[in-house]
$ cat upload-v3.csv   # CSV, C-alpha atoms
chain,number,residue,atom,x,y,z
Q,94,MET,CA,10.9,-23.9,9.7
Q,95,THR,CA,11.3,-25.6,6.3
Q,96,ASP,CA,9.8,-28.9,7.4
Q,97,ALA,CA,7.5,-27.6,10.1
Q,98,GLU,CA,4.1,-26.0,9.6
Q,99,GLU,CA,2.9,-23.1,11.8
Q,100,HIS,CA,-0.8,-22.5,11.9
Q,101,ARG,CA,-2.2,-18.9,11.8
Q,102,ARG,CA,-5.8,-17.8,12.1
Q,103,LEU,CA,-5.4,-15.2,9.4
Q,104,ILE,CA,-2.6,-14.4,6.9
Q,105,VAL,CA,-2.5,-11.1,5.0
Q,106,ALA,CA,-0.2,-11.0,1.9
Q,107,GLY,CA,1.1,-7.5,1.4
Q,108,THR,CA,2.2,-4.5,3.4
Q,109,GLY,CA,0.9,-1.7,1.2
Q,110,ILE,CA,-2.1,0.5,2.3
Q,111,ALA,CA,-4.6,-2.3,1.7
Q,112,GLY,CA,-2.7,-5.0,3.6
Q,113,LEU,CA,-1.8,-2.8,6.5
Q,114,THR,CA,-5.3,-1.5,6.9
Q,115,ALA,CA,-6.6,-5.1,6.9
Q,116,ALA,CA,-3.9,-6.0,9.5
Q,117,ILE,CA,-5.0,-3.1,11.8
Q,118,TYR,CA,-8.7,-4.2,11.6
Q,119,ALA,CA,-7.9,-7.9,11.9
Q,120,ALA,CA,-5.7,-7.4,14.9
Q,121,ARG,CA,-8.3,-5.3,16.6
Q,122,SER,CA,-10.7,-8.2,16.0
Q,123,ASN,CA,-8.3,-10.6,17.8
Q,124,ASN,CA,-7.6,-12.5,14.7
Q,125,ASP,CA,-3.8,-12.4,15.3
Q,126,PRO,CA,-2.9,-11.8,11.7
Q,127,LEU,CA,0.4,-12.7,10.2
Q,128,VAL,CA,1.3,-10.0,7.6
Q,129,LEU,CA,3.8,-10.9,4.9
Q,130,GLU,CA,5.9,-8.3,3.3
Q,131,GLY,CA,6.6,-9.2,-0.3
Q,132,ASP,CA,9.5,-8.1,-2.5
Q,133,GLU,CA,8.0,-4.6,-2.7
Q,134,PRO,CA,7.5,-3.7,1.0
Q,135,GLY,CA,5.1,-0.9,1.4
Q,136,GLY,CA,3.8,-1.2,-2.2
Q,137,GLN,CA,3.5,1.6,-4.7
Q,138,LEU,CA,3.3,4.3,-2.1
Q,139,THR,CA,6.9,3.9,-1.2
Q,140,LEU,CA,7.7,5.4,-4.6
Q,141,THR,CA,5.9,8.6,-3.9
Q,142,SER,CA,7.9,11.3,-2.2
Q,143,GLU,CA,4.9,13.3,-1.0
Q,144,VAL,CA,1.3,12.3,-0.4
Q,145,GLU,CA,-1.1,15.3,-0.2
Q,146,ASN,CA,-4.5,13.6,-0.9
Q,147,TYR,CA,-4.6,11.1,2.0
Q,148,PRO,CA,-7.1,12.3,4.6
Q,149,GLY,CA,-5.8,13.5,7.9
Q,150,PHE,CA,-2.5,15.0,6.7
Q,151,PRO,CA,-3.2,18.6,5.7
Q,152,GLU,CA,0.5,19.4,5.3
Q,153,GLY,CA,1.1,16.1,3.4
Q,154,ILE,CA,3.2,13.1,4.3
Q,155,SER,CA,5.8,11.1,2.4
Q,156,GLY,CA,4.8,7.7,1.1
Q,157,PRO,CA,7.4,5.8,3.2
Q,158,ASP,CA,6.4,7.8,6.3
Q,159,LEU,CA,2.7,6.9,5.9
Q,160,ILE,CA,3.6,3.3,5.4
Q,161,ASN,CA,5.8,3.2,8.5
Q,162,LYS,CA,3.2,4.8,10.6
Q,163,MET,CA,0.6,2.2,9.5
Q,164,LYS,CA,3.1,-0.6,10.2
Q,165,GLU,CA,3.6,0.8,13.8
Q,166,GLN,CA,-0.2,0.9,14.2
Q,167,ALA,CA,-0.7,-2.6,12.9
Q,168,GLU,CA,2.0,-4.0,15.3
Q,169,GLN,CA,0.6,-2.0,18.2
Q,170,PHE,CA,-2.6,-3.9,18.0
Q,171,GLY,CA,-0.9,-7.3,17.6
Q,172,SER,CA,-0.2,-7.9,14.0
Q,173,ASP,CA,2.9,-10.0,13.3
Q,174,LEU,CA,4.8,-8.5,10.4
Q,175,LYS,CA,7.4,-10.7,8.7
Q,176,HIS,CA,9.3,-10.6,5.4
Q,177,GLY,CA,8.1,-13.3,3.0
Q,178,ILE,CA,7.1,-13.8,-0.6
Q,179,VAL,CA,4.1,-16.1,-1.1
Q,180,GLU,CA,5.0,-18.8,-3.6
Q,181,SER,CA,1.7,-20.7,-3.6
Q,182,VAL,CA,-1.6,-21.1,-1.8
Q,183,ASP,CA,-3.1,-24.6,-1.7
Q,184,ASP,CA,-6.9,-24.3,-1.4
Q,185,SER,CA,-7.6,-28.0,-2.0
Q,186,GLU,CA,-8.2,-28.6,1.7
Q,187,ARG,CA,-8.7,-26.7,4.9
Q,188,PRO,CA,-6.9,-25.0,6.4
Q,189,PHE,CA,-5.1,-23.4,3.5
Q,190,ARG,CA,-1.5,-24.3,3.0
Q,191,VAL,CA,0.7,-21.2,2.2
Q,192,GLU,CA,4.2,-21.8,1.0
Q,193,LEU,CA,6.8,-19.0,0.8
Q,194,SER,CA,9.6,-18.6,-1.7
Q,195,ASN,CA,12.2,-19.4,1.1
Q,196,GLY,CA,10.5,-22.8,1.8
Q,197,ASP,CA,8.6,-21.7,4.9
Q,198,VAL,CA,5.2,-23.1,5.2
Q,199,TYR,CA,2.1,-21.9,7.1
Q,200,THR,CA,-1.4,-23.1,7.3
Q,201,THR,CA,-4.3,-20.6,7.8
Q,202,ASP,CA,-8.0,-20.5,8.2
Q,203,ALA,CA,-8.4,-17.3,6.2
Q,204,PHE,CA,-6.2,-15.4,3.7
Q,205,VAL,CA,-6.3,-11.8,2.5
Q,206,ALA,CA,-4.6,-11.2,-0.8
Q,207,ALA,CA,-3.4,-7.6,-0.8
Q,208,SER,CA,-0.2,-8.1,-2.7
Q,209,GLY,CA,-0.9,-5.2,-5.0
Q,210,ALA,CA,0.1,-4.5,-8.6
Q,211,SER,CA,3.5,-3.5,-9.8
Q,212,ALA,CA,3.8,-0.6,-12.2
Q,213,ARG,CA,5.6,-1.4,-15.4
Q,214,THR,CA,8.6,0.7,-15.9
Q,215,LEU,CA,10.8,1.5,-18.9
Q,216,GLY,CA,14.1,0.2,-17.6
Q,217,VAL,CA,16.1,3.1,-19.0
Q,218,PRO,CA,19.1,4.8,-17.3
Q,219,GLY,CA,18.1,7.4,-14.7
Q,220,GLU,CA,14.6,5.9,-14.1
Q,221,ASP,CA,15.3,4.1,-10.9
Q,222,GLU,CA,17.4,7.0,-9.4
Q,223,LEU,CA,14.7,9.6,-10.2
Q,224,MET,CA,11.6,7.5,-9.3
Q,225,GLY,CA,9.7,9.7,-6.9
Q,226,TYR,CA,11.8,12.7,-7.7
Q,227,GLY,CA,10.1,13.9,-10.9
Q,228,ILE,CA,9.4,10.5,-12.3
Q,229,SER,CA,6.1,8.9,-11.3
Q,230,THR,CA,3.7,6.1,-12.2
Q,231,CYS,CA,0.7,7.9,-10.9
Q,232,ALA,CA,-0.5,11.3,-12.2
Q,233,THR,CA,-3.4,11.5,-9.7
Q,234,CYS,CA,-0.9,11.1,-6.9
Q,235,ASP,CA,1.9,13.5,-8.1
Q,236,GLY,CA,0.6,15.7,-10.9
Q,237,ALA,CA,-0.1,18.7,-8.6
Q,238,PHE,CA,3.5,18.9,-7.5
Q,239,PHE,CA,4.6,20.1,-11.0
Q,240,ARG,CA,2.2,22.9,-11.7
Q,241,GLY,CA,3.3,25.1,-14.6
Q,242,GLU,CA,5.9,22.6,-15.8
Q,243,ASP,CA,6.1,20.8,-19.1
Q,244,MET,CA,5.3,17.1,-18.5
Q,245,LEU,CA,5.9,14.0,-20.5
Q,246,VAL,CA,3.6,11.0,-20.4
Q,247,VAL,CA,5.0,7.7,-21.8
Q,248,GLY,CA,2.6,5.2,-23.2
Q,249,GLY,CA,-0.2,4.6,-25.8
Q,250,GLY,CA,-3.0,2.9,-23.9
Q,251,ASP,CA,-6.0,4.0,-21.9
Q,252,ALA,CA,-3.9,4.7,-18.9
Q,253,ALA,CA,-1.5,7.1,-20.8
Q,254,MET,CA,-4.4,8.9,-22.4
Q,255,GLU,CA,-6.2,9.3,-19.0
Q,256,GLU,CA,-3.1,10.5,-17.2
Q,257,ALA,CA,-2.3,13.0,-19.9
Q,258,HIS,CA,-5.8,14.3,-19.9
Q,259,PHE,CA,-5.7,14.7,-16.1
Q,260,LEU,CA,-2.3,16.4,-16.1
Q,261,THR,CA,-3.6,19.3,-18.3
Q,262,LYS,CA,-5.0,20.6,-15.0
Q,263,PHE,CA,-1.5,21.5,-13.9
Q,264,ALA,CA,0.9,21.4,-16.8
Q,265,ASP,CA,2.0,24.1,-19.1
Q,266,THR,CA,2.1,21.5,-21.9
Q,267,VAL,CA,1.6,17.8,-21.7
Q,268,TYR,CA,3.6,15.7,-24.2
Q,269,ILE,CA,2.7,12.1,-25.0
Q,270,ALA,CA,5.5,9.9,-26.2
Q,271,HIS,CA,4.4,6.6,-27.9
Q,272,ARG,CA,6.8,4.2,-29.6
Q,273,ARG,CA,4.4,3.4,-32.4
Q,274,GLU,CA,2.2,5.4,-34.8
Q,275,GLU,CA,-1.1,4.0,-33.6
Q,276,PHE,CA,-2.4,4.1,-30.1
Q,277,ARG,CA,-3.8,1.1,-28.2
Q,278,ALA,CA,-6.2,3.3,-26.3
Q,279,GLU,CA,-10.0,3.1,-26.8
Q,280,ASP,CA,-11.5,5.7,-29.1
Q,281,TYR,CA,-13.2,7.3,-26.2
Q,282,TRP,CA,-9.8,8.4,-24.7
Q,283,ILE,CA,-8.3,9.2,-28.0
Q,284,ASP,CA,-11.1,11.5,-28.8
Q,285,LYS,CA,-10.8,13.2,-25.4
Q,286,VAL,CA,-7.1,13.7,-25.8
Q,287,GLN,CA,-7.6,15.0,-29.3
Q,288,LYS,CA,-9.8,17.8,-28.0
Q,289,LYS,CA,-6.9,18.8,-25.7
Q,290,VAL,CA,-4.5,18.6,-28.6
Q,291,ASP,CA,-6.8,20.9,-30.6
Q,292,ALA,CA,-6.8,23.3,-27.6
Q,293,GLY,CA,-3.0,23.4,-27.5
Q,294,GLU,CA,-2.8,21.7,-24.1
Q,295,ILE,CA,-1.4,18.3,-25.3
Q,296,GLU,CA,1.2,17.5,-28.0
Q,297,ILE,CA,1.7,14.0,-29.3
Q,298,MET,CA,5.1,12.6,-30.2
Q,299,ARG,CA,4.5,9.4,-32.2
Q,300,ASN,CA,7.1,6.8,-33.0
Q,301,THR,CA,9.2,8.2,-30.1
Q,302,GLU,CA,10.8,6.5,-27.1
Q,303,VAL,CA,12.7,7.6,-24.0
Q,304,LEU,CA,16.3,6.4,-24.0
Q,305,GLU,CA,17.5,8.1,-20.7
Q,306,MET,CA,16.3,10.4,-18.0
Q,307,HIS,CA,18.5,13.1,-16.5
Q,308,GLY,CA,18.4,15.0,-13.2
Q,309,SER,CA,19.0,14.4,-9.5
Q,310,PRO,CA,16.9,13.6,-6.4
Q,311,GLU,CA,17.7,17.1,-5.2
Q,312,GLU,CA,16.7,19.0,-8.3
Q,313,GLY,CA,14.3,16.5,-9.9
Q,314,VAL,CA,14.0,15.8,-13.6
Q,315,ASP,CA,16.0,18.2,-15.9
Q,316,HIS,CA,15.5,16.6,-19.3
Q,317,VAL,CA,15.1,13.3,-21.1
Q,318,THR,CA,16.9,11.8,-24.1
Q,319,LEU,CA,14.4,10.7,-26.8
Q,320,ALA,CA,14.7,8.8,-30.0
Q,321,ARG,CA,12.3,9.1,-33.0
Q,322,ASN,CA,12.0,7.0,-36.1
Q,323,GLU,CA,9.0,7.3,-38.4
Q,324,SER,CA,8.9,3.5,-38.7
Q,325,GLY,CA,8.3,3.1,-35.0
Q,326,TYR,CA,10.2,1.4,-32.2
Q,327,PRO,CA,13.2,3.7,-32.5
Q,328,SER,CA,15.2,2.2,-29.6
Q,329,GLU,CA,15.4,-1.0,-31.8
Q,330,ASN,CA,16.7,1.0,-34.8
Q,331,LEU,CA,19.3,3.4,-33.3
Q,332,ASP,CA,21.7,2.7,-36.1
Q,333,ASP,CA,19.1,3.5,-38.7
Q,334,GLU,CA,19.9,6.8,-40.4
Q,335,GLY,CA,16.3,7.7,-40.1
Q,336,THR,CA,16.5,7.7,-36.3
Q,337,GLU,CA,16.8,11.0,-34.6
Q,338,VAL,CA,18.2,11.2,-31.0
Q,339,PHE,CA,17.7,14.4,-29.1
Q,340,ASP,CA,17.4,15.9,-25.7
Q,341,PHE,CA,14.0,17.2,-24.5
Q,342,ASP,CA,13.4,19.5,-21.5
Q,343,VAL,CA,10.6,18.5,-19.2
Q,344,GLY,CA,9.9,19.0,-15.5
Q,345,ALA,CA,8.3,15.6,-14.8
Q,346,VAL,CA,7.8,12.2,-16.5
Q,347,PHE,CA,4.8,10.0,-15.9
Q,348,VAL,CA,5.3,6.4,-17.0
Q,349,ALA,CA,1.9,4.9,-17.9
Q,350,ILE,CA,2.5,1.6,-19.6
Q,351,GLY,CA,0.3,-0.4,-17.3
Q,352,HIS,CA,0.5,-2.5,-14.1
Q,353,THR,CA,1.0,-6.2,-13.5
Q,354,PRO,CA,-1.1,-7.6,-10.6
Q,355,ASN,CA,0.9,-9.7,-8.2
Q,356,THR,CA,-1.3,-12.8,-8.4
Q,357,ASP,CA,1.0,-15.6,-9.7
Q,358,TYR,CA,0.6,-17.5,-6.4
Q,359,LEU,CA,-3.1,-17.8,-7.0
Q,360,GLU,CA,-3.1,-19.2,-10.5
Q,361,ASP,CA,-3.5,-22.8,-9.3
Q,362,THR,CA,-6.4,-22.0,-6.9
Q,363,GLY,CA,-10.1,-21.6,-7.5
Q,364,VAL,CA,-9.8,-17.8,-7.3
Q,365,GLU,CA,-11.1,-16.2,-10.5
Q,366,LEU,CA,-8.6,-13.9,-12.2
Q,367,ASP,CA,-9.5,-11.7,-15.1
Q,368,GLU,CA,-7.7,-11.8,-18.4
Q,369,THR,CA,-4.9,-9.5,-17.1
Q,370,GLY,CA,-4.5,-11.3,-13.7
Q,371,TYR,CA,-6.6,-9.1,-11.4
Q,372,ILE,CA,-8.6,-10.8,-8.7
Q,373,VAL,CA,-12.4,-10.9,-9.4
Q,374,THR,CA,-14.3,-10.4,-6.1
Q,375,LYS,CA,-18.0,-10.5,-5.5
Q,376,GLY,CA,-18.4,-6.7,-5.0
Q,377,GLY,CA,-21.9,-5.3,-5.0
Q,378,LYS,CA,-23.9,-4.2,-2.0
Q,379,GLY,CA,-23.9,-5.7,1.5
Q,380,ALA,CA,-21.3,-7.9,3.2
Q,381,ASN,CA,-18.7,-10.1,1.7
Q,382,GLN,CA,-17.8,-7.7,-1.1
Q,383,THR,CA,-14.1,-8.7,-1.1
Q,384,ALA,CA,-14.8,-12.4,-1.1
Q,385,THR,CA,-13.5,-14.5,-4.0
Q,386,ASP,CA,-14.8,-17.8,-5.5
Q,387,VAL,CA,-12.8,-19.6,-2.7
Q,388,ASP,CA,-14.5,-19.4,0.7
Q,389,GLY,CA,-12.1,-17.9,3.2
Q,390,LEU,CA,-9.9,-16.2,0.6
Q,391,PHE,CA,-10.4,-12.4,0.1
Q,392,GLY,CA,-8.9,-9.7,-2.1
Q,393,ALA,CA,-8.2,-6.1,-1.4
Q,394,GLY,CA,-6.4,-3.1,-2.9
Q,395,ASP,CA,-4.6,-2.8,-6.3
Q,396,VAL,CA,-4.6,-6.6,-6.7
Q,397,VAL,CA,-8.3,-6.2,-7.3
Q,398,ASP,CA,-8.7,-2.5,-8.3
Q,399,TYR,CA,-7.3,-1.7,-11.7
Q,400,HIS,CA,-9.2,1.6,-12.1
Q,401,TYR,CA,-8.9,3.8,-9.0
Q,402,GLN,CA,-5.6,2.7,-7.6
Q,403,GLN,CA,-5.5,5.3,-4.8
Q,404,ALA,CA,-4.2,4.9,-1.3
Q,405,VAL,CA,-7.6,5.9,0.2
Q,406,THR,CA,-9.5,3.3,-1.9
Q,407,ALA,CA,-7.0,0.6,-1.1
Q,408,ALA,CA,-7.4,1.4,2.6
Q,409,GLY,CA,-11.2,1.1,2.3
Q,410,MET,CA,-10.9,-2.3,0.6
Q,411,GLY,CA,-8.4,-3.5,3.3
Q,412,CYS,CA,-10.9,-2.6,5.9
Q,413,GLN,CA,-13.7,-4.5,4.1
Q,414,ALA,CA,-11.5,-7.5,3.6
Q,415,ALA,CA,-10.7,-7.7,7.3
Q,416,ILE,CA,-14.3,-7.4,8.3
Q,417,ASP,CA,-15.3,-10.0,5.7
Q,418,ALA,CA,-12.6,-12.3,6.9
Q,419,ASP,CA,-13.7,-11.8,10.5
Q,420,ASP,CA,-17.2,-12.7,9.6
Q,421,TYR,CA,-16.0,-15.9,7.9
Q,422,LEU,CA,-13.8,-16.8,10.8
Q,423,GLU,CA,-16.7,-16.4,13.3
Q,424,ASP,CA,-18.9,-18.6,11.1
Q,425,LEU,CA,-16.1,-21.1,10.9
Q,426,ALA,CA,-15.7,-21.2,14.7
Q,427,GLU,CA,-19.4,-21.6,15.2
Q,428,ALA,CA,-19.5,-24.5,12.7
Q,429,GLU,CA,-16.6,-26.2,14.4
Q,430,SER,CA,-18.2,-25.8,17.8
Q,431,GLU,CA,-21.4,-27.3,16.6
Q,432,ALA,CA,-19.6,-30.2,15.1
Q,433,GLU,CA,-17.8,-30.8,18.3
Q,434,SER,CA,-21.0,-30.7,20.3
Q,435,GLU,CA,-22.7,-33.2,18.0
Q,436,ALA,CA,-19.7,-35.5,18.2
Q,437,ALA,CA,-19.6,-35.4,22.0
Q,438,PRO,CA,-22.7,-37.5,22.7
Q,439,GLU,CA,-21.6,-40.1,20.2
Q,440,ALA,CA,-18.3,-40.4,22.0
Q,441,ALA,CA,-20.1,-40.7,25.3
Q,442,ASP,CA,-22.2,-43.6,23.9
Q,443,ASP,CA,-19.1,-45.4,22.8
$ encode --input "upload-v3.csv" --output "structure tokens"
Amino acid sequence: MTDAEEHRRLIVAGTGIAGLTAAIYAARSNNDPLVLEGDEPGGQLTLTSEVENYPGFPEGISGPDLINKMKEQAEQFGSDLKHGIVESVDDSERPFRVELSNGDVYTTDAFVAASGASARTLGVPGEDELMGYGISTCATCDGAFFRGEDMLVVGGGDAAMEEAHFLTKFADTVYIAHRREEFRAEDYWIDKVQKKVDAGEIEIMRNTEVLEMHGSPEEGVDHVTLARNESGYPSENLDDEGTEVFDFDVGAVFVAIGHTPNTDYLEDTGVELDETGYIVTKGGKGANQTATDVDGLFGAGDVVDYHYQQAVTAAGMGCQAAIDADDYLEDLAEAESEAESEAAPEAADD
């Protein structure tokens, strides 16, 4: 379909919780959505081995199982799920022109961006193998699984401070490893964490980096290998005689070095993005809360929400985006019908 263009009434980019919820609602509204799976099908939830805080599952459910059930539900109502990475959206004319990385091209009357945000990771040995098995990028999602364990939070910004503070609810001791002396977090979070340090609930390991993570999917995280150098950035100074490399026992590791919103394909559109790339929507009260500066283009889930980043909030935004898109499509159909009616008498006169 490289040279041909297929028109769709609605396209949803993303098959995480937000995208699939939007797909369910859009399909039930007879909007025949095309739902595109990106290079991270299922989104962040597929990295979570067990989800206990999503309503309706008192015994918990694995992240992949929840995503698969939602896919089945979306397809049951008529959503068309296909693999495809959105390369660009052309909003210079209507309908929108959506090009995929494989060269496929679609046009669409409305577009829901639910492509999520990718958690930044360390890229050290053992991280990929143990992700979801003692290594996590979401303390709120997974902290309760490791009650009574020593936990390590990696990072020095607001996210790391907030996650460490939250994990004191469950951990024996929370350790924060930061590769520099100074934190990037706001004073508000540094002060809150310091109170936990004073209480003996948090210990800070400055100028310290993770070199490797050890364990197995069956047993979880056993320990990590750390490097420390008082000048900072020890991984870049492993040959320095002042660098200490040592093993450190922990039961869980939370990587909190930020997220990158998947919005590159919107950079040449009229959609407003904040300084870190998140979509800015209208928000507020009433309808059209997920609308962007481009009529017919809506945002939902972690691609918009850099604060809550929960499955249930993503589902809520997906629902809102589908309803907002449906309202837009109904208005569009009415406008087109009126235009045709006005044009009909003129054609008859000719």
$ closest_atom_pairs --input "upload-v3.csv" --of "stretch 285-374 of chain Q" --to "stretch 158-182 of chain Q" --cutoff "9 Å" --atoms "all atoms listed in the file" --output "tab-separated table"
residue	atom	partner	partner_atom	distance
Q:Asp357	CA	Q:Glu180	CA	8.0
Q:Tyr358	CA	Q:Ser181	CA	4.4
Q:Leu359	CA	Q:Val182	CA	6.3
Q:Glu360	CA	Q:Ser181	CA	8.5
Q:Asp361	CA	Q:Val182	CA	7.9
Q:Thr362	CA	Q:Val182	CA	7.1
$ residues_around --input "upload-v3.csv" --residues "Q:Asn322" --least-positions-apart "4" --cutoff "7 Å" --atoms "only C-alpha atoms" --output "PyMOL selection string"
chain Q and resi 300-301+327+335-337
$ atom_distance --input "upload-v3.csv" --atom1 "atom CA of Q:Glu305" --atom2 "atom CA of Q:Val343"
12.6 Å
$ closest_residue --input "upload-v3.csv" --among "Q:Thr318, Q:Thr356, Q:Ser434, Q:Thr139" --to "Q:Phe341" --atoms "all atoms listed in the file"
Q:Thr318
$ atom_distance --input "upload-v3.csv" --atom1 "atom CA of Q:Glu429" --atom2 "atom CA of Q:Ala415"
20.7 Å
$ residues_around --input "upload-v3.csv" --residues "Q:Asp202" --least-positions-apart "3" --cutoff "8 Å" --atoms "all atoms listed in the file" --output "list in words"
Arg101, Arg102, Leu103, Arg187, Pro188, Phe189, Gly389 and Leu422 of chain Q
$ closest_residue --input "upload-v3.csv" --among "Q:Met306, Q:Thr233, Q:Gly107, Q:Asp221" --to "Q:Gln402" --atoms "all atoms listed in the file"
Q:Thr233
$ closest_residue --input "upload-v3.csv" --among "Q:Thr383, Q:Thr369, Q:Thr261, Q:Ser229" --to "Q:Val314" --atoms "only C-alpha atoms"
Q:Ser229
$ closest_residue --input "upload-v3.csv" --among "Q:Val144, Q:Ile416, Q:Val128, Q:Leu331" --to "Q:Ala206" --atoms "all atoms listed in the file"
Q:Val128
$ closest_residue --input "upload-v3.csv" --among "Q:Asp251, Q:Asp417, Q:Leu366, Q:Ala436" --to "Q:Ser122" --atoms "all atoms listed in the file"
Q:Asp417
$ closest_residue --input "upload-v3.csv" --among "Q:His271, Q:Thr266, Q:Gly227, Q:Ala252" --to "Q:His400" --atoms "only C-alpha atoms"
Q:Ala252
$ residues_around --input "upload-v3.csv" --residues "Q:Ala232" --least-positions-apart "4" --cutoff "7 Å" --atoms "all atoms listed in the file" --output "ChimeraX atom specification"
/Q:236,256,260,347
$ residues_near_point --input "upload-v3.csv" --point "(-2.8, 5.2, -6.6)" --cutoff "12 Å" --atoms "all atoms listed in the file" --output "ChimeraX atom specification"
/Q:109-111,136-141,144,146-147,156,209-212,229-236,256,352,394-396,398-408
$ closest_atom_pairs --input "upload-v3.csv" --of "stretch 343-412 of chain Q" --to "stretch 273-283 of chain Q" --cutoff "12 Å" --atoms "only C-alpha atoms" --output "Markdown table"
| residue | atom | partner | partner_atom | distance |
| --- | --- | --- | --- | --- |
| Q:Ala349 | CA | Q:Ala278 | CA | 11.8 |
| Q:Ile350 | CA | Q:Arg277 | CA | 10.7 |
| Q:Gly351 | CA | Q:Ala278 | CA | 11.7 |
$ atom_distance --input "upload-v3.csv" --atom1 "atom CA of Q:Ile269" --atom2 "atom CA of Q:Leu245"
5.8 Å
$ residues_near_point --input "upload-v3.csv" --point "(-4.3, -10.9, 0.5)" --cutoff "8 Å" --atoms "only C-alpha atoms" --output "list in words"
Ile104, Val105, Ala106, Gly107, Gly112, Phe204, Val205, Ala206, Ala207, Ser208, Leu390, Phe391, Gly392 and Ala393 of chain Q
$ build_atoms --input "upload-v3.csv" --residues "stretch 242-257 of chain Q" --atoms "N, CA and C atoms" --output "compact mmCIF listing (two decimals), in the frame of the given file"
# COMPACT_ATOMS: atom_id res chain seq x y z
N GLU Q 242 4.81 23.21 -15.09
CA GLU Q 242 5.90 22.60 -15.80
C GLU Q 242 5.42 21.91 -17.10
N ASP Q 243 6.35 21.69 -18.01
CA ASP Q 243 6.10 20.80 -19.10
C ASP Q 243 6.20 19.37 -18.62
N MET Q 244 5.25 18.52 -18.96
CA MET Q 244 5.30 17.10 -18.50
C MET Q 244 5.20 16.17 -19.63
N LEU Q 245 5.87 15.04 -19.44
CA LEU Q 245 5.90 14.00 -20.50
C LEU Q 245 5.20 12.76 -19.94
N VAL Q 246 4.25 12.25 -20.71
CA VAL Q 246 3.60 11.00 -20.40
C VAL Q 246 4.06 9.95 -21.40
N VAL Q 247 4.50 8.79 -20.92
CA VAL Q 247 5.00 7.70 -21.80
C VAL Q 247 3.98 6.61 -21.84
N GLY Q 248 3.52 6.29 -23.04
CA GLY Q 248 2.60 5.20 -23.20
C GLY Q 248 1.58 5.49 -24.30
N GLY Q 249 0.80 4.46 -24.68
CA GLY Q 249 -0.20 4.60 -25.80
C GLY Q 249 -1.49 3.98 -25.51
N GLY Q 250 -1.71 3.53 -24.27
CA GLY Q 250 -3.00 2.90 -23.90
C GLY Q 250 -3.92 3.82 -23.20
N ASP Q 251 -5.00 3.24 -22.67
CA ASP Q 251 -6.00 4.00 -21.90
C ASP Q 251 -5.36 4.78 -20.77
N ALA Q 252 -4.46 4.09 -20.04
CA ALA Q 252 -3.90 4.70 -18.90
C ALA Q 252 -3.08 5.96 -19.23
N ALA Q 253 -2.32 5.90 -20.33
CA ALA Q 253 -1.50 7.10 -20.80
C ALA Q 253 -2.43 8.21 -21.17
N MET Q 254 -3.50 7.89 -21.92
CA MET Q 254 -4.40 8.90 -22.40
C MET Q 254 -5.11 9.61 -21.16
N GLU Q 255 -5.53 8.77 -20.21
CA GLU Q 255 -6.20 9.30 -19.00
C GLU Q 255 -5.29 10.16 -18.19
N GLU Q 256 -4.05 9.71 -18.03
CA GLU Q 256 -3.10 10.50 -17.20
C GLU Q 256 -2.77 11.80 -17.91
N ALA Q 257 -2.56 11.76 -19.22
CA ALA Q 257 -2.30 13.00 -19.90
C ALA Q 257 -3.40 13.99 -19.85
